[in-house]
Amino acid sequence: MSDLNTRMIEKYRNDFLKEVEANVEEGEWVKMCMQCGVCSGSCPLGKHWAHPPQEIFMMIRAGKREEVLTSDSMWMCTSCYNCIVRCPRELPITHIMHGLATYSKKLGLVPKGQPTATFAEIFWNNMMKKGRVNELKLGLSLYFKDGFGQGIKNAMANQKLGMSMMKAKRMSPAEFFGGHGIKDVGGLQKMIKKAQELEEARMKKFD
Amino acid sequence: MSEEKKFAAYICTGCGIGDRLDAASLENVATREGRMNVVKQHEMLCSKEGVKMIQDDIDNDGVTHIVIAACSRRAKVDAFSFPESKVAVTRANLREGVIWARPDTDEARETTQEMAEDYIRMSCGEIKQMNPPKPSGQQERNPNILVVGGGVTGMTAALEAAAAGYTVHLVEKSGELGGHAAKLHKRVPFKAAPVGTPNSPDANLPMPEETGVPEMIQAVESNDNIKVYLNSRITKTSGAPGRFSVDISTESGDTVTENIGSIIQATGFTPWDPSVLSELHYSDSPDVITQLELEELANAAGDGPIKRPSDGKEVKAVVFVQDVGQNSDKEGELPYDSGVGDLVSIKQALYFKHHNGDCDTTIVYDNLRTPGAPGEDFYRSGQKNGVIFTKGDVKEVVPGDTLTVKMHDKILDEDAEIHADLVVLDVGMVPNSGPDPYAATESLEGMSDEEREAELEAQAEEAADETAVSVESILNLTYRQGTDLPQLKWGFTDSHFICFPYETRRTGIYAAGPVRRPMDIKQAMDDATGAAMKAIQEIELAAQGRANHPRTGDLSFPTFRREGCTQCKRCTVECPFGAIDEDEERYPQYNESRCRRCGTCMGACPVRVISFENYSVNTVGAQIKECLIPEEWDEKPRILVLACENDAYPALDQAAIAGQEISPWARVIPVRCLGSVSLSWVTDALNNGYDGIIMMGCKRGEDYQCHFVRGSTMANERMAKVGDTLESLNLEPERVVVHEVAITDIERAPALIKEMEETIEKVGLSPFKF
Amino acid sequence: MAKYTYSYYPGCSSQKGASSSNLMKSVQTMCEELDVELKEIPDWNCCSASIGYASGSELPRITLSARNIALSEEHNPGETIVATCAACWLATREAAERLSHDPQLKAEADQALAEAGLKLKNETPIKHMAEVLVEDIGFENIQAGVKKPLEGIKIAGYVGCQTNRPFGIHGESFENPVYLDKMIEAVGAESVPTYEKKVQCCGGALAFSEPEKSQEMIKGIIEAAYDNGADMIATPCPLCQANVEIYQDQINERYNTKFNMPVVYYSQLISVAYGRSAEDAALDGQIIPAKQLEEIAKK
C-alpha cells in the first residue's frame, strides 16, 4: 500500500486520470470537465474546500495524485447535488467526489481525524450491525470518537438537545439496548461481503 | 416617352390620415402652391384600386412625375414603384412622419396640419427637380466570373458559380490547386453529433474526417464551365462590374485577357512565422513545429506512428501550445485570434490518439475557442479520447532530447513543467491581402498638422527605401483609388462586417475565405458559396444598369456637368467605392456599375455639378426652400432634419409607430447617406430662416454602421467646416449638430430633435426670417 | 380497498422513537385521510444514506438498495415503492437507475443478492411521497378535502436538497421548485414564494461531523424565513426538518440570535387542515412547538 501512496506520476500525463477512471466511482467522467467552475461556485461549503471540484478535476489531469488523494476537500461534500444539476457537461460531480473520498479511504490516505470520514465509518458500522441505523448509538459513538473524556464533554454539550428529542419521542433510550433491526441480518452481511469482494476484484493495480 | 412633364399628387386619406388632417386643404396646397397638374385623393391609395388610379393617369393622362402623399417611403414600396413606367416618384410622409408622430389633441391640430402641408409643399418642390432615372448602358450581361486563388475557398466558389451556369476563370499562383487544405491529413469534422447525443464519456462524438480536397480538385478540373490557370497571376484589372478586362499572366510571361463580369478574391492566408519568439525555439529545435508542419508528419506516418523530425523517434508525449503570437499587443505579433487553432489542435491530438496508441497529448490554452456547429462536440470528442486540456500560459520551451514546456497553470495557479517529445505551435493566420489603397491616407486621420507632416515624411522615406519588402498587388486594379481591395483591420481584406459579408468597397469584387477573416475549411466553403451568390447577383444587376447593396435595383447613377467642373478631384478621392476614375483630361470618369449610389461624390463637390436624375443638390434644396418658414412673431421654429435613409429615417418612423412624439417644428428630409449632404443645403437652410439643423448619420469609424462604410466619416469631416459658415452668418454654433443615430434609436432620435427645440428656446429664433 | 396503494419504504429515521417518527406518524394520518394505503416492505434495510459512501463504496451501497427493491418486488409485487425520506428515495432510485444502465454492475449486484437468497427484477417505479401528492392525487384533490384551512399562517416552503436534486419532482425547476408553495396554498395557508433559501443545503449528514459549518448554513435558512415574514417553515425532508429545528438553541448561543422558528412537515399541515388532532398530526413531536397549528387542531 505504501508504494501505491507515493507513486511518482509524470505531470500532465494520463496515468492518474486512468487510475481514477478505473478505480473511482464515475471516474470516467473526469476527463469531460471543461473547467467552467460552476460546480465550485454552486457548492454550499465551497469556501471550505482547499481545492473545489473544478480544481480537483484539473489536479487529476495534471497528475497530482498524492495531493488529490490526501486532500480534505472532497470530505466537504454535503451531498446536496447542486453541482450535479448545474454542471453544463452533466458530470455526476457529487458521486465523483464521493468516489474519490472512498478511494482515498481504501488506500488509507484520508487525513487523520477527518470528522466526516470518521462519522461515515461509524455510520456504516452502526448500520451493518443490524441492517438499520441506531440513531442513539450513532450519536454516542460520534461523541466518543475522540476518547472517553471528550465524549462526556460532547454529550454534556448536547445534553439539552438530547433531552428535548427524548421528550418529543424522537429519541429513545431503549435503542441503547438492542433497538431496531432487520430479521435477516446474516443474509444482509453476507450480501455486502460478497459485493465488497466483487468490487475489490475489479480494482486495477497501478504501480 | 414624350418630353412633356406632367405632375401629379395623390393624397391618401386612409390609415387615419383623413381623420386627423384636413385633406381638402392639403389638396389645395398641392394644387395652388405645389402647382401640380393633377391632384387626387383616395381613401386607400395602396389598394388595388388606388394604384390602378395612378397607373391609369400614367397610361392615359401622360402623368410623368408623381407625389405620393401617404405613408413613409419605407412602407408599400412595391405598390408605389411603377416599374414598368418611366416615371419619377417621391413620397410625402403623412402617416409615420405626421399623424403618428403627433398627439391627437385639439392643441396639436394646427401644428400637425402645418407639418402635413409643409411635407406636401416640399415633395411638390422636389418632384419638379426630379427626372425618371434610366441606366447608362455602359455594360451588358457578362456571365464570366474570375476567381483569384485555388484553395478550398476559390474552388468552392468556382464550383458553385459553375453549377449555376456561369463561366469561371480560376487563377492560382502556385502550380497546383488545393492550397493549404491539400496538405492536411484530415479535416475538422463538419457536423455536430446528432441532436440528443448524451453528455456521457462514451457518447458517439465527431472525429477528424477526410479532407475532401482531392475530390474537389477533381471536380474543378473536370468541370467544363471552369477554366483553371496555374502558376498565374492577375497583372491588370480594368473596367467595372459587367465589363472588367483582366490580364492573366503565367510565370513564363504569357498573358491572356479575359472579359469578366465579377470577381471573387479568395487568396487565403499565410501561417504566422513564430521564429521571433526565441523562447519557443521554433527556429533552432526541429521538434518544435507548427500545426501545418505536423500535418506533413501525420501524412508521412502512413499506418504507423507519428515520428518526430529530429531523430525519427515515435512520439509518446506531445504538447500543443495554443495562440502562439496571437491576441498580442507586442510589435510583430498578431493582435487578433485566428479562432480555428484550437479545433486544429484537437484534431491533431486525435491523430496521436489514433496513430500513437497511448501517446499523452496535452493542449495548453488560455481561452479555448471551438467555433462552428460541431465545435463543442469536437472538444468533447477530444476530451473523451483522453486529450488533456489545461488552461495555462506557456513561458518557454526548453529544447533537448526530451523537450520541457514551462508554463503557468492558470487553474491551479502554479508554475509547472511538462515533458514532451514534440511541441506543436498554434500560429495565427496572416491574410494574403494586396497593398491597402488607403494605408497612407487613413494613417493621417485625426492627426494634427505637425503629426501629419511627420507621418507623410516617414511614408516618403519608406517608399524610397528599396530594401523594404513591398506587398505585391493581387488584382492590379487600374482604379483611381489603388490597385487592390481596401482593408478594414489588421490587414484583412475589407468586407462590410455588419450587413454584407463578402461585400467589399469595390463593387463586383468579393472577398471570401481567410483573406477577409480567419476561418476553417467549413466556414471558408460557406463563405465561398455566399461570395459566388453575390458575384452572380452583381452580374445580373450590372447587366440592367442597376445598383447593388444597399440601394439594390436603383437605376439612377451620378453624372456631372463638365463645364462647371474644376477638376478638384474630391469626388474621385472621396468615393468610398473607388467608382470614379479620371479621364485623360483629368475630368472625373464615372463607372456606373462600380457605383452604390450613395451620393458621397455629390456631397463632396464644392461646385455642385454632380447629380442623380432623382437625387441632387436641387431636389433636396427645393424641399428646404419650399417649407414655409413662419414669421418670427408666430414663435414657431423650424428644425431641418437631414436623416440617413438607412438608419435614422427608419428610426424616426419606428419612433412614430411606437407612439413617440416628434417635435412639431421638425421637417425631416431623407438623404441617401450623410456623405451626400451638400454644405450648400446647410447654408441655404440657415439663410432661409431655419432655426436649427440636425444631421443624423450612422456610426462611423472602425466599428462603423454606415451602409456605405465611409460616407458617415466623410460627412463628419466636411461638417467640421460648418462652423465657418455659422460664424460668417453670426449665428450660434449649436444651431447645427451632427449625430450618430442607429436604426434602434427609436427613443433617442426624437429626443435629439427635442434637444434642438430646447437649444432654440435658449438661443432664440433665427434672425434670418424674412 | 384503498384508492391508492403503495409499497412503503419508511427508512430508519421514521421508525418509532427515531428522529423523524413525527414524520411517520403524520404521514400515516395524512394517508388515512387521502385514502392511501402504505404496505411496508417487509424487513427493509437502511439505504446507507448520503454518508454511507465512504465505507460502503459503489457496489455494496447499491446492493443495499437493490435488496429493498427485491423485497418489495417479492412481497408487494406490482406496487410502486414510495419513500418519505429524501435520502431513502434518492438512494433507491439512483440504485435502480444505475443498475438498469450498467449491466456489469447489475450482474455483480445479482451475485451479491443471491447470498441473501434474493432476486432483483428492477422493474419497480420508485416515488417520493411528494410525487404521490403532486402527481397521483393532485393539488385540487388535496384542497377539496380541507376542513380547517390554515388561514393566517405564513409558511416558508423549504424544499431542501435531496427531494429536489438530482431527480426532483417532474416539471419543477431545480433552482426554484414551486410544488411545496402550491401545497401550502392548497391547505389554506400563505406561501412565501420569495423564500430565497428554499433549496439551500442544511449541511445534511455534515451537521453531525461539521457542526459549525453546517449551522452557519442553517442560520441562513432560518434567517431568510424570518426576513420574509414567515411564521414557520415546512419541509418534506426528515434531515432538513431535524437540522433546521433542533439546532436553533445552539445557533442562538453561537450567533447571539433569538431563533424560535417552528419547522414542520407538509404531512403535518395536511393532517391539521383535514381536521385531525394535534396528536394525530404528531405536533407533540416538535422541539419548537407549532402553536398556530395546535390552535387550529384544537378548534
# chains A, B, ... in the order shown; residues from 1 in each chain; ligands from 1
call {"tool": "interface_residues", "arguments": {"of": "chain A", "to": "chain C", "cutoff": "7 Å", "atoms": "only C-alpha atoms", "output": "PyMOL selection string"}}
result
chain A and resi 25+44+78-82+84-85+98+101-102+105+115-117+119-121+123-124+127+131-133+135+161+164-165+168-172+182-183+187-188+190-192+194-196+198-199
call {"tool": "write_last_selection", "arguments": {"atoms": "C-alpha atoms", "output": "PDB file, in the first residue's frame"}}
result
ATOM      1  CA  GLU A  25     -16.883   5.664  -8.920  1.00  0.00           C
ATOM      2  CA  PRO A  44     -22.733  25.356  -0.254  1.00  0.00           C
ATOM      3  CA  THR A  78     -22.747  17.526   1.862  1.00  0.00           C
ATOM      4  CA  SER A  79     -24.393  15.539  -0.970  1.00  0.00           C
ATOM      5  CA  CYS A  80     -26.652  18.461  -1.839  1.00  0.00           C
ATOM      6  CA  TYR A  81     -26.356  17.649  -5.575  1.00  0.00           C
ATOM      7  CA  ASN A  82     -26.301  21.304  -6.574  1.00  0.00           C
ATOM      8  CA  ILE A  84     -24.696  17.854 -10.477  1.00  0.00           C
ATOM      9  CA  VAL A  85     -27.784  19.659 -11.651  1.00  0.00           C
ATOM     10  CA  HIS A  98     -17.798  10.511  -3.021  1.00  0.00           C
ATOM     11  CA  ALA A 101     -13.219  10.024  -0.877  1.00  0.00           C
ATOM     12  CA  THR A 102     -13.922   6.300  -0.902  1.00  0.00           C
ATOM     13  CA  LYS A 105     -10.085   5.786   2.279  1.00  0.00           C
ATOM     14  CA  PRO A 115     -14.502  14.200  11.093  1.00  0.00           C
ATOM     15  CA  THR A 116     -16.777  13.309   8.197  1.00  0.00           C
ATOM     16  CA  ALA A 117     -14.621  10.329   7.285  1.00  0.00           C
ATOM     17  CA  PHE A 119     -18.537   9.731  11.024  1.00  0.00           C
ATOM     18  CA  ALA A 120     -19.048   7.903   7.747  1.00  0.00           C
ATOM     19  CA  GLU A 121     -17.276   4.877   9.107  1.00  0.00           C
ATOM     20  CA  PHE A 123     -22.417   5.237  10.403  1.00  0.00           C
ATOM     21  CA  TRP A 124     -21.591   2.297   8.162  1.00  0.00           C
ATOM     22  CA  MET A 127     -25.874   0.217  10.138  1.00  0.00           C
ATOM     23  CA  GLY A 131     -29.273  -3.595   8.960  1.00  0.00           C
ATOM     24  CA  ARG A 132     -30.743  -0.343  10.176  1.00  0.00           C
ATOM     25  CA  VAL A 133     -29.229   2.743  11.746  1.00  0.00           C
ATOM     26  CA  GLU A 135     -29.502   6.818  15.905  1.00  0.00           C
ATOM     27  CA  LEU A 161     -30.790  18.724  22.685  1.00  0.00           C
ATOM     28  CA  SER A 164     -35.715  17.682  24.004  1.00  0.00           C
ATOM     29  CA  MET A 165     -35.535  14.904  21.470  1.00  0.00           C
ATOM     30  CA  ALA A 168     -40.615  14.725  21.726  1.00  0.00           C
ATOM     31  CA  LYS A 169     -40.285  10.925  21.467  1.00  0.00           C
ATOM     32  CA  ARG A 170     -37.785  11.345  18.662  1.00  0.00           C
ATOM     33  CA  MET A 171     -35.002   9.646  20.572  1.00  0.00           C
ATOM     34  CA  SER A 172     -35.426   6.572  22.685  1.00  0.00           C
ATOM     35  CA  ILE A 182     -33.859  -6.331  10.368  1.00  0.00           C
ATOM     36  CA  LYS A 183     -34.544 -10.043  10.708  1.00  0.00           C
ATOM     37  CA  GLY A 187     -28.147 -12.541   4.842  1.00  0.00           C
ATOM     38  CA  LEU A 188     -27.520  -8.842   4.567  1.00  0.00           C
ATOM     39  CA  LYS A 190     -23.165 -11.993   3.559  1.00  0.00           C
ATOM     40  CA  MET A 191     -24.585  -9.991   0.670  1.00  0.00           C
ATOM     41  CA  ILE A 192     -22.475  -6.942   1.451  1.00  0.00           C
ATOM     42  CA  LYS A 194     -19.871 -10.523  -1.472  1.00  0.00           C
ATOM     43  CA  ALA A 195     -20.394  -7.094  -3.004  1.00  0.00           C
ATOM     44  CA  GLN A 196     -17.211  -5.847  -1.400  1.00  0.00           C
ATOM     45  CA  LEU A 198     -16.568  -8.378  -6.237  1.00  0.00           C
ATOM     46  CA  GLU A 199     -15.722  -4.726  -6.212  1.00  0.00           C
TER      47      GLU A 199
END
call {"tool": "residues_around", "arguments": {"residues": "Thr194 in chain C", "least_positions_apart": "3", "cutoff": "10 Å", "atoms": "only C-alpha atoms", "output": "PyMOL selection string"}}
result
chain C and resi 156-157+176+191+197-198+224-225+228
call {"tool": "write_last_selection", "arguments": {"atoms": "N, CA and C atoms", "output": "compact mmCIF listing (two decimals), in the first residue's frame"}}
result
# COMPACT_ATOMS: atom_id res chain seq x y z
N ALA C 156 -42.99 29.29 5.11
CA ALA C 156 -41.90 29.22 4.13
C ALA C 156 -41.69 27.77 3.72
N GLY C 157 -41.87 27.49 2.44
CA GLY C 157 -41.69 26.12 1.96
C GLY C 157 -40.20 25.85 1.73
N ASN C 176 -35.82 26.78 -8.41
CA ASN C 176 -36.98 27.36 -7.75
C ASN C 176 -38.22 26.47 -7.92
N SER C 191 -48.22 31.08 1.31
CA SER C 191 -46.86 30.62 0.98
C SER C 191 -45.93 31.83 0.88
N LYS C 197 -34.11 30.77 0.31
CA LYS C 197 -33.30 29.65 0.77
C LYS C 197 -34.04 28.32 0.61
N LYS C 198 -35.03 28.29 -0.24
CA LYS C 198 -35.88 27.10 -0.30
C LYS C 198 -35.13 25.84 -0.77
N ALA C 224 -33.67 33.75 6.65
CA ALA C 224 -34.43 34.13 5.45
C ALA C 224 -35.93 33.95 5.69
N ALA C 225 -36.30 32.93 6.45
CA ALA C 225 -37.71 32.73 6.75
C ALA C 225 -38.24 33.90 7.58
N ASN C 228 -38.59 37.02 5.49
CA ASN C 228 -39.74 37.00 4.60
C ASN C 228 -41.06 37.01 5.37
call {"tool": "residues_around", "arguments": {"residues": "Val110 in chain A", "least_positions_apart": "3", "cutoff": "10 Å", "atoms": "only C-alpha atoms", "output": "ChimeraX atom specification"}}
result
/A:69-72,75,101-107,113-114,117-118
call {"tool": "write_last_selection", "arguments": {"atoms": "N, CA and C atoms", "output": "PDB file, in the first residue's frame"}}
result
ATOM      1  N   LEU A  69      -5.476  12.679  -3.447  1.00  0.00           N
ATOM      2  CA  LEU A  69      -5.975  11.592  -2.594  1.00  0.00           C
ATOM      3  C   LEU A  69      -5.799  11.864  -1.106  1.00  0.00           C
ATOM      4  N   THR A  70      -4.896  12.760  -0.755  1.00  0.00           N
ATOM      5  CA  THR A  70      -4.753  13.083   0.677  1.00  0.00           C
ATOM      6  C   THR A  70      -5.530  14.347   1.021  1.00  0.00           C
ATOM      7  N   SER A  71      -6.287  14.844   0.059  1.00  0.00           N
ATOM      8  CA  SER A  71      -6.982  16.115   0.299  1.00  0.00           C
ATOM      9  C   SER A  71      -8.170  15.938   1.233  1.00  0.00           C
ATOM     10  N   ASP A  72      -8.425  16.987   1.973  1.00  0.00           N
ATOM     11  CA  ASP A  72      -9.566  17.071   2.882  1.00  0.00           C
ATOM     12  C   ASP A  72     -10.814  17.491   2.106  1.00  0.00           C
ATOM     13  N   TRP A  75     -14.179  15.625   1.323  1.00  0.00           N
ATOM     14  CA  TRP A  75     -14.937  15.307   2.542  1.00  0.00           C
ATOM     15  C   TRP A  75     -15.859  16.443   2.933  1.00  0.00           C
ATOM     16  N   ALA A 101     -13.330  10.181  -2.324  1.00  0.00           N
ATOM     17  CA  ALA A 101     -13.219  10.024  -0.877  1.00  0.00           C
ATOM     18  C   ALA A 101     -13.096   8.544  -0.537  1.00  0.00           C
ATOM     19  N   THR A 102     -13.934   7.745  -1.163  1.00  0.00           N
ATOM     20  CA  THR A 102     -13.922   6.300  -0.902  1.00  0.00           C
ATOM     21  C   THR A 102     -12.575   5.700  -1.290  1.00  0.00           C
ATOM     22  N   TYR A 103     -12.097   6.104  -2.466  1.00  0.00           N
ATOM     23  CA  TYR A 103     -10.836   5.546  -2.955  1.00  0.00           C
ATOM     24  C   TYR A 103      -9.685   5.944  -2.029  1.00  0.00           C
ATOM     25  N   SER A 104      -9.704   7.208  -1.621  1.00  0.00           N
ATOM     26  CA  SER A 104      -8.682   7.685  -0.689  1.00  0.00           C
ATOM     27  C   SER A 104      -8.719   6.873   0.604  1.00  0.00           C
ATOM     28  N   LYS A 105      -9.935   6.566   1.038  1.00  0.00           N
ATOM     29  CA  LYS A 105     -10.085   5.786   2.279  1.00  0.00           C
ATOM     30  C   LYS A 105      -9.569   4.365   2.069  1.00  0.00           C
ATOM     31  N   LYS A 106      -9.887   3.809   0.919  1.00  0.00           N
ATOM     32  CA  LYS A 106      -9.412   2.454   0.602  1.00  0.00           C
ATOM     33  C   LYS A 106      -7.899   2.375   0.651  1.00  0.00           C
ATOM     34  N   LEU A 107      -7.243   3.456   0.170  1.00  0.00           N
ATOM     35  CA  LEU A 107      -5.784   3.473   0.136  1.00  0.00           C
ATOM     36  C   LEU A 107      -5.185   3.954   1.446  1.00  0.00           C
ATOM     37  N   GLY A 113      -8.102  11.966  11.459  1.00  0.00           N
ATOM     38  CA  GLY A 113      -9.110  12.671  12.246  1.00  0.00           C
ATOM     39  C   GLY A 113     -10.118  13.448  11.427  1.00  0.00           C
ATOM     40  N   GLN A 114     -10.156  13.223  10.132  1.00  0.00           N
ATOM     41  CA  GLN A 114     -11.138  13.925   9.301  1.00  0.00           C
ATOM     42  C   GLN A 114     -12.536  13.571   9.818  1.00  0.00           C
ATOM     43  N   ALA A 117     -15.084  11.690   7.572  1.00  0.00           N
ATOM     44  CA  ALA A 117     -14.621  10.329   7.285  1.00  0.00           C
ATOM     45  C   ALA A 117     -14.865   9.422   8.480  1.00  0.00           C
ATOM     46  N   THR A 118     -14.592   9.958   9.647  1.00  0.00           N
ATOM     47  CA  THR A 118     -14.810   9.177  10.872  1.00  0.00           C
ATOM     48  C   THR A 118     -16.289   8.864  11.037  1.00  0.00           C
TER      49      THR A 118
END
call {"tool": "closest_atom_pairs", "arguments": {"of": "chain B", "to": "chain A", "cutoff": "6 Å", "atoms": "only C-alpha atoms", "output": "JSON lines"}}
result
{"residue": "B:Pro201", "atom": "CA", "partner": "A:Trp29", "partner_atom": "CA", "distance": 5.8}
{"residue": "B:Asp360", "atom": "CA", "partner": "A:Arg13", "partner_atom": "CA", "distance": 5.6}
{"residue": "B:Gln383", "atom": "CA", "partner": "A:Met32", "partner_atom": "CA", "distance": 5.5}
call {"tool": "atom_distance", "arguments": {"atom1": "CA of Ile234 in chain B", "atom2": "CA of Lys522 in chain B"}}
result
26.9 Å
call {"tool": "select_by_dssp", "arguments": {"residues": "range 42-214 of chain C", "states": "alpha helix (DSSP H)", "output": "MDAnalysis selection string"}}
result
chainID C and resid 58:75 86:101 103:115 129:131 139:144 179:186 206:209 211:214
call {"tool": "write_last_selection", "arguments": {"atoms": "C-alpha atoms", "output": "PDB file, in the first residue's frame"}}
result
ATOM      1  CA  GLU C  58     -20.495   1.839  -5.061  1.00  0.00           C
ATOM      2  CA  LEU C  59     -21.420  -1.834  -5.306  1.00  0.00           C
ATOM      3  CA  PRO C  60     -22.128  -2.520  -1.611  1.00  0.00           C
ATOM      4  CA  ARG C  61     -24.139   0.679  -1.377  1.00  0.00           C
ATOM      5  CA  ILE C  62     -26.185  -0.065  -4.451  1.00  0.00           C
ATOM      6  CA  THR C  63     -26.704  -3.629  -3.313  1.00  0.00           C
ATOM      7  CA  LEU C  64     -28.277  -2.331  -0.102  1.00  0.00           C
ATOM      8  CA  SER C  65     -30.940  -0.524  -2.088  1.00  0.00           C
ATOM      9  CA  ALA C  66     -31.247  -3.426  -4.507  1.00  0.00           C
ATOM     10  CA  ARG C  67     -32.198  -5.629  -1.546  1.00  0.00           C
ATOM     11  CA  ASN C  68     -35.093  -3.304  -0.688  1.00  0.00           C
ATOM     12  CA  ILE C  69     -36.320  -3.236  -4.270  1.00  0.00           C
ATOM     13  CA  ALA C  70     -36.050  -7.032  -4.481  1.00  0.00           C
ATOM     14  CA  LEU C  71     -38.011  -7.434  -1.228  1.00  0.00           C
ATOM     15  CA  SER C  72     -40.679  -5.073  -2.491  1.00  0.00           C
ATOM     16  CA  GLU C  73     -40.927  -6.909  -5.785  1.00  0.00           C
ATOM     17  CA  GLU C  74     -41.232 -10.198  -3.908  1.00  0.00           C
ATOM     18  CA  HIS C  75     -43.735  -9.170  -1.253  1.00  0.00           C
ATOM     19  CA  ALA C  86     -35.311  12.154   0.759  1.00  0.00           C
ATOM     20  CA  ALA C  87     -32.152  10.091   1.180  1.00  0.00           C
ATOM     21  CA  CYS C  88     -34.034   6.760   1.068  1.00  0.00           C
ATOM     22  CA  TRP C  89     -35.819   7.814  -2.099  1.00  0.00           C
ATOM     23  CA  LEU C  90     -32.680   9.152  -3.736  1.00  0.00           C
ATOM     24  CA  ALA C  91     -30.546   6.118  -2.890  1.00  0.00           C
ATOM     25  CA  THR C  92     -33.188   3.658  -4.050  1.00  0.00           C
ATOM     26  CA  ARG C  93     -33.965   5.458  -7.257  1.00  0.00           C
ATOM     27  CA  GLU C  94     -30.307   6.047  -8.013  1.00  0.00           C
ATOM     28  CA  ALA C  95     -29.539   2.351  -7.451  1.00  0.00           C
ATOM     29  CA  ALA C  96     -32.379   1.320  -9.743  1.00  0.00           C
ATOM     30  CA  GLU C  97     -31.213   3.677 -12.498  1.00  0.00           C
ATOM     31  CA  ARG C  98     -27.595   2.700 -12.293  1.00  0.00           C
ATOM     32  CA  LEU C  99     -28.413  -0.991 -12.288  1.00  0.00           C
ATOM     33  CA  SER C 100     -30.562  -0.581 -15.351  1.00  0.00           C
ATOM     34  CA  HIS C 101     -27.824   1.340 -17.214  1.00  0.00           C
ATOM     35  CA  PRO C 103     -25.177  -4.474 -16.997  1.00  0.00           C
ATOM     36  CA  GLN C 104     -21.896  -5.343 -15.292  1.00  0.00           C
ATOM     37  CA  LEU C 105     -22.985  -3.668 -12.093  1.00  0.00           C
ATOM     38  CA  LYS C 106     -26.338  -5.441 -12.306  1.00  0.00           C
ATOM     39  CA  ALA C 107     -24.649  -8.816 -12.733  1.00  0.00           C
ATOM     40  CA  GLU C 108     -22.484  -8.208  -9.703  1.00  0.00           C
ATOM     41  CA  ALA C 109     -25.409  -6.956  -7.625  1.00  0.00           C
ATOM     42  CA  ASP C 110     -27.326 -10.092  -8.591  1.00  0.00           C
ATOM     43  CA  GLN C 111     -24.484 -12.237  -7.337  1.00  0.00           C
ATOM     44  CA  ALA C 112     -24.410 -10.411  -4.037  1.00  0.00           C
ATOM     45  CA  LEU C 113     -28.201 -10.532  -3.659  1.00  0.00           C
ATOM     46  CA  ALA C 114     -28.077 -14.270  -4.221  1.00  0.00           C
ATOM     47  CA  GLU C 115     -26.092 -14.517  -0.987  1.00  0.00           C
ATOM     48  CA  MET C 129     -44.375  10.793  -1.167  1.00  0.00           C
ATOM     49  CA  ALA C 130     -44.364  14.348  -2.550  1.00  0.00           C
ATOM     50  CA  GLU C 131     -44.692  12.880  -6.046  1.00  0.00           C
ATOM     51  CA  PHE C 139     -53.414  19.837  -5.594  1.00  0.00           C
ATOM     52  CA  GLU C 140     -57.101  20.157  -6.411  1.00  0.00           C
ATOM     53  CA  ASN C 141     -57.977  16.943  -4.652  1.00  0.00           C
ATOM     54  CA  ILE C 142     -55.842  17.882  -1.671  1.00  0.00           C
ATOM     55  CA  GLN C 143     -57.596  21.220  -1.476  1.00  0.00           C
ATOM     56  CA  ALA C 144     -61.018  19.620  -1.842  1.00  0.00           C
ATOM     57  CA  TYR C 179     -44.838  22.498  -5.599  1.00  0.00           C
ATOM     58  CA  LEU C 180     -44.375  22.949  -1.881  1.00  0.00           C
ATOM     59  CA  ASP C 181     -45.693  26.515  -2.099  1.00  0.00           C
ATOM     60  CA  LYS C 182     -48.689  25.209  -4.024  1.00  0.00           C
ATOM     61  CA  MET C 183     -49.251  22.559  -1.381  1.00  0.00           C
ATOM     62  CA  ILE C 184     -49.092  25.196   1.354  1.00  0.00           C
ATOM     63  CA  GLU C 185     -51.682  27.226  -0.505  1.00  0.00           C
ATOM     64  CA  ALA C 186     -53.848  24.160  -1.105  1.00  0.00           C
ATOM     65  CA  LEU C 206     -22.324  17.004   7.975  1.00  0.00           C
ATOM     66  CA  ALA C 207     -24.483  18.621  10.655  1.00  0.00           C
ATOM     67  CA  PHE C 208     -23.031  15.871  12.845  1.00  0.00           C
ATOM     68  CA  SER C 209     -19.429  15.876  11.674  1.00  0.00           C
ATOM     69  CA  PRO C 211     -21.497  21.263  13.124  1.00  0.00           C
ATOM     70  CA  GLU C 212     -20.064  24.766  12.830  1.00  0.00           C
ATOM     71  CA  LYS C 213     -20.012  24.816   9.060  1.00  0.00           C
ATOM     72  CA  SER C 214     -23.497  23.342   8.880  1.00  0.00           C
TER      73      SER C 214
END
call {"tool": "residues_around", "arguments": {"residues": "Asp118 in chain B", "least_positions_apart": "4", "cutoff": "7 Å", "atoms": "only C-alpha atoms", "output": "number ranges by chain"}}
result
B: 114, 122, 627-628
call {"tool": "write_last_selection", "arguments": {"atoms": "N, CA and C atoms", "output": "short mmCIF file (atom, residue, chain, number, x, y, z; two decimals), in the first residue's frame"}}
result
data_model
loop_
_atom_site.label_atom_id
_atom_site.label_comp_id
_atom_site.auth_asym_id
_atom_site.auth_seq_id
_atom_site.Cartn_x
_atom_site.Cartn_y
_atom_site.Cartn_z
N GLU B 114 -50.01 71.89 -40.23
CA GLU B 114 -48.91 72.67 -40.84
C GLU B 114 -47.78 71.75 -41.29
N MET B 122 -43.01 70.47 -49.84
CA MET B 122 -41.63 70.02 -50.05
C MET B 122 -41.56 68.97 -51.15
N CYS B 627 -40.43 74.59 -47.80
CA CYS B 627 -41.00 74.55 -46.45
C CYS B 627 -41.28 76.00 -46.02
N LEU B 628 -42.50 76.19 -45.52
CA LEU B 628 -42.91 77.55 -45.16
C LEU B 628 -42.26 77.94 -43.82
#
call {"tool": "atom_distance", "arguments": {"atom1": "CA of Cys706 in chain B", "atom2": "CA of Ser433 in chain B"}}
result
23.2 Å
call {"tool": "residues_around", "arguments": {"residues": "range 269-272 of chain C", "least_positions_apart": "2", "cutoff": "8 Å", "atoms": "only C-alpha atoms", "output": "PyMOL selection string"}}
result
chain C and resi 26+29-30+33+146+148+150+184+187+264-267+274-278+280-281+293+296-297
call {"tool": "write_last_selection", "arguments": {"atoms": "C-alpha atoms", "output": "compact mmCIF listing (two decimals), in the first residue's frame"}}
result
# COMPACT_ATOMS: atom_id res chain seq x y z
CA SER C 26 -48.25 12.43 10.35
CA THR C 29 -52.63 10.27 9.38
CA MET C 30 -52.41 12.07 6.06
CA GLU C 33 -57.37 11.00 5.06
CA VAL C 146 -59.53 20.62 3.57
CA LYS C 148 -59.91 23.62 8.52
CA LEU C 150 -54.73 27.04 7.78
CA ILE C 184 -49.09 25.20 1.35
CA VAL C 187 -54.29 23.78 2.66
CA VAL C 264 -42.95 21.16 10.38
CA TYR C 265 -43.66 18.56 7.72
CA TYR C 266 -46.08 19.03 4.84
CA SER C 267 -47.84 15.93 6.18
CA TYR C 274 -58.03 17.83 7.29
CA GLY C 275 -59.29 18.29 10.82
CA ARG C 276 -57.14 15.79 12.66
CA SER C 277 -55.94 16.23 16.23
CA ALA C 278 -52.59 17.64 17.27
CA ASP C 280 -52.53 12.57 15.05
CA ALA C 281 -50.58 15.29 13.29
CA LEU C 293 -51.20 24.66 14.10
CA ILE C 296 -56.32 25.16 14.67
CA ALA C 297 -56.18 21.49 15.63
